[in-house]
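Q: Enclosed is the structure file structure_25.txt (compact mmCIF, C-alpha atoms (C1' of nucleotides)).
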# COMPACT_ATOMS: atom_id res chain seq x y z
CA MET A 1 41.12 -57.48 9.29
CA SER A 2 38.75 -58.19 12.12
CA THR A 3 40.83 -60.34 14.42
CA SER A 4 40.66 -58.11 17.44
CA GLY A 5 38.15 -57.60 20.20
CA ARG A 6 35.80 -60.06 21.76
CA SER A 7 35.15 -63.44 20.25
CA ASP A 8 31.38 -63.04 20.12
CA ALA A 9 31.83 -59.82 18.21
CA ARG A 10 34.00 -61.58 15.67
CA THR A 11 31.63 -64.46 15.11
CA ASN A 12 28.67 -62.14 14.81
CA HIS A 13 30.55 -60.07 12.28
CA GLU A 14 31.16 -63.22 10.30
CA ARG A 15 27.58 -64.44 10.59
CA LEU A 16 26.28 -61.11 9.39
CA LEU A 17 28.52 -61.15 6.35
CA VAL A 18 27.45 -64.68 5.46
CA ALA A 19 23.79 -63.84 5.92
CA ALA A 20 24.09 -60.69 3.86
CA ARG A 21 25.88 -62.46 1.05
CA GLN A 22 23.22 -65.15 0.98
CA ALA A 23 20.45 -62.60 1.05
CA PHE A 24 21.95 -60.66 -1.84
CA THR A 25 22.68 -63.68 -4.00
CA ASP A 26 19.35 -65.33 -3.22
CA SER A 27 17.11 -62.43 -3.93
CA GLY A 28 19.34 -59.55 -4.97
CA GLY A 29 18.60 -57.49 -1.94
CA ALA A 30 16.97 -57.62 1.42
CA SER A 31 16.01 -55.45 4.34
CA LEU A 32 18.58 -55.03 7.05
CA THR A 33 16.08 -56.41 9.50
CA ALA A 34 15.82 -59.57 7.45
CA ILE A 35 19.57 -59.93 7.24
CA ALA A 36 19.91 -59.55 10.99
CA LYS A 37 17.23 -62.14 11.53
CA ARG A 38 18.87 -64.47 9.07
CA ALA A 39 22.16 -64.07 10.89
CA GLY A 40 20.43 -64.77 14.18
CA VAL A 41 21.46 -61.50 15.76
CA GLY A 42 19.58 -58.42 16.81
CA ILE A 43 19.20 -55.45 14.57
CA GLY A 44 21.26 -53.44 16.99
CA THR A 45 24.17 -55.77 16.48
CA LEU A 46 23.99 -55.39 12.75
CA TYR A 47 24.10 -51.63 13.07
CA ARG A 48 27.00 -51.77 15.48
CA HIS A 49 29.06 -53.75 13.02
CA PHE A 50 27.88 -51.91 9.93
CA PRO A 51 26.69 -48.43 10.78
CA THR A 52 25.32 -47.81 7.30
CA ARG A 53 23.91 -49.95 4.57
CA GLU A 54 26.88 -48.97 2.45
CA SER A 55 29.37 -50.18 4.98
CA LEU A 56 27.78 -53.61 4.85
CA ILE A 57 27.82 -53.71 1.07
CA VAL A 58 31.38 -52.48 1.08
CA ALA A 59 32.36 -55.35 3.33
CA LEU A 60 30.66 -57.79 0.99
CA TYR A 61 32.29 -56.49 -2.12
CA ARG A 62 35.60 -55.48 -0.69
CA HIS A 63 37.27 -57.99 -2.95
CA ASP A 64 35.62 -56.69 -6.10
CA ILE A 65 36.33 -53.13 -5.18
CA GLN A 66 39.95 -53.95 -4.62
CA GLU A 67 40.06 -55.57 -8.04
CA LEU A 68 38.66 -52.42 -9.54
CA ILE A 69 41.26 -50.33 -7.79
CA ASP A 70 44.09 -52.65 -8.76
CA LEU A 71 42.96 -52.68 -12.33
CA ALA A 72 43.96 -49.07 -12.96
CA PRO A 73 47.73 -49.50 -12.63
CA ALA A 74 47.51 -52.67 -14.69
CA LEU A 75 45.70 -50.86 -17.47
CA LEU A 76 48.22 -48.08 -17.33
CA THR A 77 51.08 -50.45 -18.03
CA SER A 78 49.36 -52.15 -20.91
CA HIS A 79 47.59 -49.23 -22.55
CA PRO A 80 48.16 -45.58 -23.32
CA PRO A 81 46.71 -43.34 -20.58
CA LEU A 82 43.59 -42.36 -22.44
CA ALA A 83 42.67 -45.93 -23.29
CA ALA A 84 43.42 -46.94 -19.72
CA LEU A 85 41.12 -44.25 -18.38
CA ARG A 86 38.33 -45.22 -20.68
CA GLY A 87 38.85 -48.91 -20.03
CA TRP A 88 38.69 -48.32 -16.32
CA PHE A 89 35.52 -46.28 -16.64
CA ASP A 90 33.97 -49.06 -18.67
CA GLU A 91 34.89 -51.53 -16.02
CA VAL A 92 33.34 -49.36 -13.33
CA ALA A 93 30.16 -49.22 -15.36
CA ARG A 94 30.25 -52.96 -15.88
CA TYR A 95 30.68 -53.63 -12.19
CA GLY A 96 27.93 -51.22 -11.40
CA GLN A 97 25.48 -52.96 -13.67
CA LEU A 98 26.58 -56.45 -12.78
CA LYS A 99 27.20 -56.61 -9.12
CA TYR A 100 24.43 -55.33 -7.02
CA GLY A 101 25.60 -52.55 -4.83
CA VAL A 102 28.98 -51.63 -6.20
CA ALA A 103 27.69 -48.67 -8.11
CA GLU A 104 25.64 -47.76 -5.10
CA ILE A 105 28.81 -47.55 -3.10
CA ILE A 106 30.55 -45.39 -5.63
CA HIS A 107 27.56 -43.16 -5.66
CA ALA A 108 27.44 -42.93 -1.91
CA ALA A 109 31.16 -42.38 -1.77
CA ALA A 110 31.01 -39.60 -4.31
CA GLY A 111 28.11 -38.05 -2.51
CA GLY A 112 28.93 -37.02 0.94
CA GLY A 113 31.42 -39.14 2.72
CA LEU A 114 34.78 -37.75 3.44
CA ASP A 115 37.45 -39.98 4.93
CA ASP A 116 35.39 -43.02 4.15
CA GLU A 117 37.31 -46.18 3.74
CA TYR A 118 36.52 -46.54 0.07
CA TYR A 119 36.43 -42.93 -0.93
CA THR A 120 40.12 -42.23 -0.72
CA PRO A 121 41.31 -45.22 -2.76
CA PHE A 122 38.84 -44.39 -5.49
CA VAL A 123 39.95 -40.80 -5.66
CA HIS A 124 43.54 -41.93 -5.63
CA THR A 125 42.92 -44.34 -8.48
CA ILE A 126 41.27 -41.69 -10.58
CA ALA A 127 44.09 -39.31 -9.78
CA GLN A 128 46.59 -41.85 -11.08
CA LEU A 129 44.72 -42.20 -14.33
CA LEU A 130 44.36 -38.48 -14.74
CA ASP A 131 48.00 -37.83 -13.96
CA ALA A 132 49.11 -40.33 -16.55
CA GLY A 133 46.95 -38.64 -19.13
CA VAL A 134 48.27 -35.23 -18.23
CA ALA A 135 51.86 -36.41 -18.43
CA ASP A 136 51.05 -37.92 -21.77
CA GLY A 137 49.46 -34.74 -23.02
CA SER A 138 46.12 -36.31 -23.80
CA LEU A 139 44.24 -34.98 -20.78
CA LYS A 140 43.98 -31.47 -19.51
CA PRO A 141 45.66 -30.66 -16.23
CA GLY A 142 44.08 -29.36 -13.07
CA VAL A 143 41.05 -31.61 -12.94
CA ASP A 144 39.99 -32.58 -9.47
CA PRO A 145 39.65 -36.37 -9.27
CA GLU A 146 36.83 -35.98 -6.78
CA ASP A 147 34.85 -34.14 -9.40
CA VAL A 148 35.36 -37.01 -11.78
CA LEU A 149 34.25 -39.51 -9.18
CA LEU A 150 31.18 -37.42 -8.63
CA GLN A 151 30.45 -37.57 -12.33
CA LEU A 152 30.82 -41.33 -12.37
CA GLY A 153 28.01 -41.42 -9.87
CA VAL A 154 25.50 -40.98 -12.68
CA LEU A 155 26.22 -44.53 -13.75
CA TRP A 156 24.29 -45.57 -10.73
CA ARG A 157 21.16 -43.94 -12.04
CA ILE A 158 21.12 -45.77 -15.31
CA ASN A 159 18.71 -48.64 -15.54
CA PRO A 160 20.73 -51.72 -16.55
CA ASP A 161 18.06 -53.12 -18.83
CA ASN A 162 16.47 -51.26 -21.68
CA GLY A 163 19.64 -50.12 -23.38
CA GLY A 164 21.33 -49.07 -20.22
CA GLN A 165 24.64 -50.35 -21.42
CA ALA A 166 24.60 -48.17 -24.50
CA ARG A 167 23.51 -45.23 -22.45
CA ALA A 168 26.31 -45.71 -19.96
CA ALA A 169 28.78 -45.87 -22.82
CA ARG A 170 27.47 -42.62 -24.29
CA VAL A 171 27.64 -40.82 -20.97
CA LEU A 172 31.16 -42.09 -20.41
CA ASP A 173 32.07 -40.73 -23.84
CA LEU A 174 30.83 -37.34 -22.76
CA ILE A 175 32.72 -37.48 -19.48
CA VAL A 176 35.95 -38.53 -21.12
CA ASP A 177 35.60 -35.85 -23.77
CA GLY A 178 35.28 -33.34 -20.99
CA LEU A 179 38.66 -34.40 -19.68
CA LEU A 180 40.54 -34.28 -22.96
CA ARG A 181 43.11 -31.64 -23.65
CA ARG A 182 41.85 -29.19 -26.17
CA MET B 1 -5.53 -26.42 -13.80
CA SER B 2 -7.50 -28.06 -11.05
CA THR B 3 -10.95 -26.59 -11.42
CA SER B 4 -12.83 -29.80 -12.01
CA GLY B 5 -14.26 -32.46 -9.75
CA ARG B 6 -15.72 -32.16 -6.31
CA SER B 7 -15.31 -29.04 -4.28
CA ASP B 8 -13.81 -30.76 -1.26
CA ALA B 9 -11.16 -32.27 -3.47
CA ARG B 10 -10.24 -28.85 -4.76
CA THR B 11 -9.97 -27.25 -1.35
CA ASN B 12 -7.95 -30.16 -0.03
CA HIS B 13 -5.59 -29.84 -2.95
CA GLU B 14 -5.15 -26.20 -2.10
CA ARG B 15 -4.69 -26.81 1.61
CA LEU B 16 -2.03 -29.40 0.91
CA LEU B 17 -0.10 -27.05 -1.31
CA VAL B 18 -0.22 -24.30 1.28
CA ALA B 19 0.84 -26.62 4.05
CA ALA B 20 3.68 -28.04 1.97
CA ARG B 21 4.94 -24.60 1.04
CA GLN B 22 4.91 -23.53 4.67
CA ALA B 23 6.65 -26.69 5.75
CA PHE B 24 9.37 -26.25 3.18
CA THR B 25 9.97 -22.59 3.86
CA ASP B 26 9.77 -23.00 7.62
CA SER B 27 12.15 -25.86 8.00
CA GLY B 28 13.36 -26.74 4.56
CA GLY B 29 11.67 -30.06 4.42
CA ALA B 30 9.18 -32.22 6.22
CA SER B 31 7.71 -35.67 6.24
CA LEU B 32 4.66 -36.22 4.15
CA THR B 33 2.82 -37.29 7.26
CA ALA B 34 3.58 -33.95 8.87
CA ILE B 35 2.43 -32.05 5.80
CA ALA B 36 -0.84 -33.94 5.73
CA LYS B 37 -1.38 -33.23 9.40
CA ARG B 38 -0.55 -29.59 8.90
CA ALA B 39 -3.06 -29.43 6.09
CA GLY B 40 -5.64 -31.10 8.28
CA VAL B 41 -6.22 -33.99 5.91
CA GLY B 42 -5.46 -37.67 6.09
CA ILE B 43 -2.30 -39.12 4.67
CA GLY B 44 -4.37 -41.00 2.15
CA THR B 45 -5.68 -37.75 0.79
CA LEU B 46 -2.20 -36.41 0.33
CA TYR B 47 -1.20 -39.48 -1.63
CA ARG B 48 -4.28 -39.30 -3.78
CA HIS B 49 -3.50 -35.77 -4.80
CA PHE B 50 0.24 -36.23 -5.06
CA PRO B 51 1.15 -39.84 -5.71
CA THR B 52 4.86 -39.26 -5.24
CA ARG B 53 6.94 -36.87 -3.24
CA GLU B 54 8.22 -35.42 -6.49
CA SER B 55 4.77 -34.66 -7.76
CA LEU B 56 4.16 -32.56 -4.68
CA ILE B 57 7.42 -30.69 -5.04
CA VAL B 58 6.74 -30.19 -8.71
CA ALA B 59 3.41 -28.63 -7.88
CA LEU B 60 5.10 -26.31 -5.41
CA TYR B 61 7.79 -25.17 -7.77
CA ARG B 62 5.92 -25.32 -11.01
CA HIS B 63 6.41 -21.60 -11.40
CA ASP B 64 10.16 -21.74 -10.85
CA ILE B 65 10.55 -24.68 -13.16
CA GLN B 66 8.68 -22.84 -15.85
CA GLU B 67 10.98 -19.87 -15.39
CA LEU B 68 13.95 -22.15 -15.83
CA ILE B 69 12.47 -23.57 -19.00
CA ASP B 70 11.58 -20.18 -20.38
CA LEU B 71 15.02 -18.86 -19.65
CA ALA B 72 16.70 -20.95 -22.33
CA PRO B 73 15.14 -19.27 -25.38
CA ALA B 74 15.76 -15.90 -23.78
CA LEU B 75 19.41 -16.67 -23.27
CA LEU B 76 19.66 -17.90 -26.83
CA THR B 77 18.50 -14.58 -28.21
CA SER B 78 20.85 -12.54 -26.08
CA HIS B 79 23.95 -14.72 -26.09
CA PRO B 80 25.90 -16.97 -28.41
CA PRO B 81 24.82 -20.60 -28.05
CA LEU B 82 27.74 -21.72 -25.94
CA ALA B 83 27.32 -18.90 -23.45
CA ALA B 84 23.60 -19.55 -23.37
CA LEU B 85 24.18 -23.19 -22.60
CA ARG B 86 26.60 -22.45 -19.85
CA GLY B 87 24.42 -19.68 -18.46
CA TRP B 88 21.48 -21.99 -18.34
CA PHE B 89 23.48 -24.70 -16.61
CA ASP B 90 24.60 -22.16 -14.03
CA GLU B 91 21.04 -21.18 -13.44
CA VAL B 92 20.01 -24.78 -12.99
CA ALA B 93 22.76 -25.16 -10.42
CA ARG B 94 21.69 -21.98 -8.70
CA TYR B 95 18.09 -23.08 -8.51
CA GLY B 96 19.17 -26.44 -7.27
CA GLN B 97 21.16 -24.98 -4.43
CA LEU B 98 18.71 -22.25 -3.63
CA LYS B 99 15.28 -23.67 -3.85
CA TYR B 100 14.81 -26.80 -1.94
CA GLY B 101 13.67 -29.57 -4.13
CA VAL B 102 14.18 -28.26 -7.61
CA ALA B 103 17.40 -30.16 -8.09
CA GLU B 104 15.73 -33.15 -6.56
CA ILE B 105 13.13 -33.00 -9.28
CA ILE B 106 15.70 -32.74 -12.00
CA HIS B 107 17.47 -35.65 -10.48
CA ALA B 108 14.33 -37.69 -10.25
CA ALA B 109 13.38 -36.71 -13.77
CA ALA B 110 16.73 -37.75 -15.12
CA GLY B 111 16.59 -40.96 -13.19
CA GLY B 112 13.70 -43.03 -14.15
CA GLY B 113 10.63 -41.19 -15.19
CA LEU B 114 9.55 -41.35 -18.75
CA ASP B 115 6.58 -39.29 -19.84
CA ASP B 116 6.68 -37.36 -16.62
CA GLU B 117 5.24 -33.92 -16.77
CA TYR B 118 8.54 -32.20 -16.16
CA TYR B 119 10.84 -34.57 -17.95
CA THR B 120 9.85 -33.74 -21.49
CA PRO B 121 10.11 -29.96 -21.19
CA PHE B 122 13.54 -30.26 -19.65
CA VAL B 123 14.78 -32.53 -22.38
CA HIS B 124 13.27 -30.24 -24.94
CA THR B 125 14.98 -27.22 -23.44
CA ILE B 126 18.33 -28.92 -23.45
CA ALA B 127 17.75 -30.05 -27.00
CA GLN B 128 17.16 -26.43 -28.03
CA LEU B 129 20.40 -25.32 -26.45
CA LEU B 130 22.34 -28.18 -27.98
CA ASP B 131 20.85 -27.61 -31.42
CA ALA B 132 21.80 -23.96 -31.35
CA GLY B 133 25.35 -24.88 -30.46
CA VAL B 134 25.52 -27.45 -33.20
CA ALA B 135 24.20 -25.00 -35.78
CA ASP B 136 26.75 -22.52 -34.57
CA GLY B 137 29.55 -25.04 -34.82
CA SER B 138 30.58 -24.75 -31.20
CA LEU B 139 29.03 -28.01 -30.01
CA LYS B 140 29.37 -31.47 -31.40
CA PRO B 141 26.35 -33.03 -33.04
CA GLY B 142 24.58 -36.19 -32.06
CA VAL B 143 24.45 -35.70 -28.34
CA ASP B 144 21.34 -37.07 -26.68
CA PRO B 145 19.76 -34.36 -24.53
CA GLU B 146 18.58 -36.99 -22.10
CA ASP B 147 22.16 -37.93 -21.43
CA VAL B 148 22.95 -34.32 -20.65
CA LEU B 149 20.02 -34.09 -18.30
CA LEU B 150 21.27 -37.20 -16.60
CA GLN B 151 24.63 -35.57 -16.13
CA LEU B 152 23.06 -32.49 -14.64
CA GLY B 153 21.68 -34.74 -11.97
CA VAL B 154 25.02 -34.71 -10.19
CA LEU B 155 24.34 -31.13 -9.18
CA TRP B 156 21.85 -32.56 -6.77
CA ARG B 157 24.56 -34.43 -4.93
CA ILE B 158 26.72 -31.44 -4.25
CA ASN B 159 26.50 -30.05 -0.77
CA PRO B 160 25.60 -26.34 -1.10
CA ASP B 161 27.80 -25.21 1.73
CA ASN B 162 31.47 -25.94 2.02
CA GLY B 163 32.50 -24.73 -1.41
CA GLY B 164 29.64 -26.42 -3.16
CA GLN B 165 29.19 -23.52 -5.50
CA ALA B 166 32.76 -23.72 -6.75
CA ARG B 167 32.45 -27.44 -7.09
CA ALA B 168 29.28 -27.16 -9.11
CA ALA B 169 30.99 -24.67 -11.39
CA ARG B 170 33.94 -27.00 -11.93
CA VAL B 171 31.70 -29.94 -12.72
CA LEU B 172 29.68 -27.84 -15.12
CA ASP B 173 32.94 -26.87 -16.82
CA LEU B 174 33.71 -30.51 -17.33
CA ILE B 175 30.25 -31.26 -18.65
CA VAL B 176 30.32 -28.35 -21.08
CA ASP B 177 33.78 -29.30 -22.26
CA GLY B 178 32.45 -32.75 -23.00
CA LEU B 179 29.91 -31.21 -25.34
CA LEU B 180 32.27 -28.98 -27.29
CA ARG B 181 33.17 -29.71 -30.84
CA ARG B 182 36.70 -30.91 -31.11
C1' DC C 1 -36.35 -32.01 -2.49
C1' DA C 2 -35.03 -36.77 -2.09
C1' DA C 3 -32.12 -40.34 -3.02
C1' DG C 4 -28.56 -42.82 -4.82
C1' DC C 5 -24.21 -43.07 -7.20
C1' DT C 6 -19.75 -42.22 -7.03
C1' DA C 7 -15.69 -39.73 -6.02
C1' DC C 8 -13.36 -38.79 -2.32
C1' DC C 9 -11.91 -38.99 2.50
C1' DG C 10 -9.25 -40.63 6.43
C1' DG C 11 -6.47 -43.31 9.09
C1' DA C 12 -5.31 -48.01 10.59
C1' DG C 13 -2.01 -51.17 9.04
C1' DT C 14 2.44 -52.87 7.10
C1' DG C 15 7.18 -52.87 6.72
C1' DG C 16 11.66 -50.70 6.69
C1' DG C 17 15.44 -47.67 8.70
C1' DC C 18 17.67 -46.35 12.61
C1' DT C 19 18.44 -45.29 17.86
C1' DC C 20 18.75 -46.00 22.57
C1' DC C 21 19.48 -48.27 26.63
C1' DG C 22 18.88 -52.09 30.04
C1' DT C 23 20.96 -56.62 30.11
C1' DT C 24 24.39 -60.06 29.23
C1' DT C 25 28.82 -61.97 28.61
C1' DC C 26 33.68 -61.91 27.74
C1' DG C 27 38.18 -61.91 29.30
C1' DC C 28 41.54 -59.89 32.34
C1' DA C 29 43.65 -59.47 36.76
C1' DA C 30 44.08 -60.67 41.41
C1' DT D 1 38.96 -69.42 40.58
C1' DT D 2 36.44 -65.59 41.17
C1' DG D 3 35.09 -60.90 40.61
C1' DC D 4 34.43 -57.02 37.97
C1' DG D 5 34.51 -53.41 34.27
C1' DA D 6 34.08 -52.72 29.68
C1' DA D 7 32.43 -54.37 25.42
C1' DA D 8 28.90 -56.18 23.03
C1' DC D 9 24.17 -57.77 22.65
C1' DG D 10 19.30 -57.39 21.33
C1' DG D 11 15.00 -55.70 20.63
C1' DA D 12 11.49 -52.29 22.00
C1' DG D 13 10.37 -48.01 20.18
C1' DC D 14 10.11 -44.12 17.03
C1' DC D 15 9.55 -42.07 12.53
C1' DC D 16 8.66 -42.47 7.89
C1' DA D 17 6.80 -44.00 3.25
C1' DC D 18 3.18 -46.05 1.19
C1' DT D 19 -1.35 -49.07 0.72
C1' DC D 20 -5.99 -50.38 1.30
C1' DC D 21 -10.67 -50.19 2.24
C1' DG D 22 -14.86 -49.03 5.04
C1' DG D 23 -17.18 -44.85 5.63
C1' DT D 24 -18.78 -40.17 4.13
C1' DA D 25 -20.46 -36.45 1.68
C1' DG D 26 -20.74 -33.88 -2.80
C1' DC D 27 -23.26 -33.76 -7.15
C1' DT D 28 -26.84 -35.11 -10.30
C1' DT D 29 -31.07 -36.75 -11.80
C1' DG D 30 -35.85 -37.33 -11.36
What does this structure look like when you write it as structure tokens?
A:
Amino acid sequence: MSTSGRSDARTNHERLLVAARQAFTDSGGASLTAIAKRAGVGIGTLYRHFPTRESLIVALYRHDIQELIDLAPALLTSHPPLAALRGWFDEVARYGQLKYGVAEIIHAAAGGGLDDEYYTPFVHTIAQLLDAGVADGSLKPGVDPEDVLLQLGVLWRINPDNGGQARAARVLDLIVDGLLRR
Amino acid sequence: MSTSGRSDARTNHERLLVAARQAFTDSGGASLTAIAKRAGVGIGTLYRHFPTRESLIVALYRHDIQELIDLAPALLTSHPPLAALRGWFDEVARYGQLKYGVAEIIHAAAGGGLDDEYYTPFVHTIAQLLDAGVADGSLKPGVDPEDVLLQLGVLWRINPDNGGQARAARVLDLIVDGLLRR
DNA sequence: CAAGCTACCGGAGTGGGCTCCGTTTCGCAA
DNA sequence: TTGCGAAACGGAGCCCACTCCGGTAGCTTG
């Protein structure tokens, strides 16, 4: 993890994470300036440790993201590929609506960032699910997992309240149907 | 259109549109502050005429958007429903990559805005295309056109260069496949 | 033509994102 | 222990989106 470099850097890193977590749980979001102030460091320090807003959120939710990634193989052992895929999608949607920021990350990841820390594992996870479905004959071959990740990004745009859950489910239906073998 | 109210309001409206169009064609985008300055009006005036960035872009591209909307019925008379749907999607993608801002509008429309000026026509257009496909037996019934519009929003996220066109085509394939009758 | 009622104007003000660079401090090596 | 170079700090500064309100000038009515 972050056990290298100067000691002040390490403690500041820690303080920033604590402050950010507090800020997000207290009020569900805060300006980066406010987080830096709360952590008792300068804004420059925050940006040095977390160059983008996403990188900060990623650090906060690393655990949850890892859970999401680990879930896929688990689902694949306990369910047929298609059900695993759909179950995983549902879970992504659930995380996105529950935990502030997770969907935002997925969205950001899908958007532009190559070689980002979280992009590759996500693509890899989707690839696993797709491969299983192809092997099984339920999914069509040749689908680029990055394209699927991109599609999942729409979940981010759905307003959680006001029937957002149903809407997400419908959209996921459409996405999955697009992946089925025909 | 805008032929009511005070004369200064009308001319300012016009000046803002001209300035915005220049700014977008010159450099493919500009801050609202810069556009206001270019138009020789205060920033407050810009916001009064165009409360959101989208409303300004919409005003700029109203013509193109209308073309896009009008295209659907035309395609439906000259092509079978499925081809019309796909052709229209392609055109949306093309507009999105070509004309700055159009995809942004679609994205914004799909995102939050109810009763927005451009939202309803888009949904209506998609509904037409879907209905034709359902009648024809090529598309599955019961799909919410708003969900499809939401899905089209991903086109906005695709980087035009670096194989973006191919990517958009692949994603559209997936979306269309999700709509097919099975 | 005068005068007042509004609609409209303009930009100062607020707050957030992000950068840049002069200053500080850590920790290594002599 | 001391000196020094690199690493890290911190906040001033810039740009932007968006709001708010005191001032201004068009239109209408007499």
Q: Using only C-alpha atoms (C1' of nucleotides), find each residue of chain D with at least one atom at most 10 Å away from an atom of chain A; report its shortest atom-to-atom pair and that distance in Å (one decimal), sort the rows by chain and rising residue number, and return the result as a Markdown table.
A:
| residue | atom | partner | partner_atom | distance |
| --- | --- | --- | --- | --- |
| D:DA7 | C1' | A:Arg6 | CA | 7.6 |
| D:DA8 | C1' | A:Ala9 | CA | 6.7 |
| D:DC9 | C1' | A:Thr45 | CA | 6.5 |
| D:DG10 | C1' | A:Gly42 | CA | 4.6 |
| D:DG11 | C1' | A:Gly42 | CA | 6.6 |
Q: Would you put the residues from that selection into a file with C-alpha atoms (C1' of nucleotides), as a PDB file, keeping the file's coordinate frame?
A:
ATOM      1  C1'  DA D   7      32.430 -54.370  25.420  1.00  0.00           C
ATOM      2  C1'  DA D   8      28.900 -56.180  23.030  1.00  0.00           C
ATOM      3  C1'  DC D   9      24.170 -57.770  22.650  1.00  0.00           C
ATOM      4  C1'  DG D  10      19.300 -57.390  21.330  1.00  0.00           C
ATOM      5  C1'  DG D  11      15.000 -55.700  20.630  1.00  0.00           C
TER       6       DG D  11
END
Q: For chain C versus chain B, which residues have an atom no more than 9 Å away, and what is each residue's nearest atom pair and distance in Å rounded to one decimal, using only C-alpha atoms (C1' of nucleotides), chain-then-number order, as a tab-separated table?
A:
residue	atom	partner	partner_atom	distance
C:DA7	C1'	B:Arg6	CA	7.6
C:DC8	C1'	B:Ala9	CA	7.0
C:DC9	C1'	B:Thr45	CA	6.6
C:DG10	C1'	B:Gly42	CA	4.8
C:DG11	C1'	B:Gly42	CA	6.5
Q: Using all atoms listed in the file, which residues sit within 12 Å of DG13 (chain D) once same-chain residues fewer than 5 positions away are excluded, as number ranges by chain?
A: C: 18-21
Q: Write the residues of the selection above to a file with C-alpha atoms (C1' of nucleotides), as a short mmCIF file (atom, residue, chain, number, x, y, z; two decimals), keeping the file's coordinate frame.
A:
data_model
loop_
_atom_site.label_atom_id
_atom_site.label_comp_id
_atom_site.auth_asym_id
_atom_site.auth_seq_id
_atom_site.Cartn_x
_atom_site.Cartn_y
_atom_site.Cartn_z
"C1'" DC C 18 17.67 -46.35 12.61
"C1'" DT C 19 18.44 -45.29 17.86
"C1'" DC C 20 18.75 -46.00 22.57
"C1'" DC C 21 19.48 -48.27 26.63
#
Q: What does the distance from CA of Ala135 (chain A) to CA of Pro80 (chain A) come to in Å, to one decimal?
A: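 Between CA of Ala135 (chain A) and CA of Pro80 (chain A) the gap is 11.0 Å.
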Q: Select residues of chain A: the criterion is any atom within 9 Å of an atom of chain B, counting all atoms listed in the file; output as a VMD selection string.
A: chain A and resid 110 to 112 143 to 144 147 to 148 150 to 151 153 to 154 157 to 159 167 to 168 170 to 171 173 to 180 182
Q: Quick one, how far is CA of Asp131 (chain A) from CA of Ala72 (chain A)?
A: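 For CA of Asp131 (chain A) relative to CA of Ala72 (chain A), the distance reads 12.0 Å.
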Q: Measure the distance from CA of Ala36 (chain B) to C1' of DG23 (chain D) in Å and round it to one decimal.
A: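 Value for the CA of Ala36 (chain B)-C1' of DG23 (chain D) distance: 19.6 Å.
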Q: Applying 10 Å and all atoms listed in the file, which residues near Ala83 (chain B) remain after dropping the ones on its own chain fewer than 6 positions away? List them as a list in words.
A: Leu75, Leu76, Phe89, Leu129 and Gly133 of chain B
Q: Write out the residues from the selection above, keeping C-alpha atoms, as a compact mmCIF listing (two decimals), in the frame of the given file.
A:
# COMPACT_ATOMS: atom_id res chain seq x y z
CA LEU B 75 19.41 -16.67 -23.27
CA LEU B 76 19.66 -17.90 -26.83
CA PHE B 89 23.48 -24.70 -16.61
CA LEU B 129 20.40 -25.32 -26.45
CA GLY B 133 25.35 -24.88 -30.46
Q: When you look at DT19 (chain D) with a cut-off of 10 Å (counting all atoms listed in the file), what residues show up, excluding the ones that are within fewer than 6 positions of it in the same chain? I need them as JSON, numbers by chain.
A: {"B": [44, 47], "C": [13, 14]}
Q: When you get a chance, write out N, CA and C atoms for region 116-125 of chain B, as a short mmCIF file (atom, residue, chain, number, x, y, z; two decimals), keeping the file's coordinate frame.
A:
data_model
loop_
_atom_site.label_atom_id
_atom_site.label_comp_id
_atom_site.auth_asym_id
_atom_site.auth_seq_id
_atom_site.Cartn_x
_atom_site.Cartn_y
_atom_site.Cartn_z
N ASP B 116 7.08 -38.17 -17.74
CA ASP B 116 6.68 -37.36 -16.62
C ASP B 116 6.47 -35.93 -17.10
N GLU B 117 5.63 -35.28 -16.38
CA GLU B 117 5.24 -33.92 -16.77
C GLU B 117 6.41 -32.98 -16.97
N TYR B 118 7.43 -33.16 -16.15
CA TYR B 118 8.54 -32.20 -16.16
C TYR B 118 9.72 -32.70 -16.98
N TYR B 119 9.70 -33.98 -17.26
CA TYR B 119 10.84 -34.57 -17.95
C TYR B 119 10.95 -34.03 -19.37
N THR B 120 9.86 -34.14 -20.09
CA THR B 120 9.85 -33.74 -21.49
C THR B 120 10.27 -32.29 -21.70
N PRO B 121 9.70 -31.34 -20.97
CA PRO B 121 10.11 -29.96 -21.19
C PRO B 121 11.60 -29.75 -20.94
N PHE B 122 12.12 -30.42 -19.94
CA PHE B 122 13.54 -30.26 -19.65
C PHE B 122 14.38 -30.79 -20.80
N VAL B 123 14.03 -31.95 -21.26
CA VAL B 123 14.78 -32.53 -22.38
C VAL B 123 14.68 -31.61 -23.59
N HIS B 124 13.49 -31.12 -23.81
CA HIS B 124 13.27 -30.24 -24.94
C HIS B 124 14.14 -28.98 -24.85
N THR B 125 14.18 -28.43 -23.66
CA THR B 125 14.98 -27.22 -23.44
C THR B 125 16.45 -27.49 -23.72
#
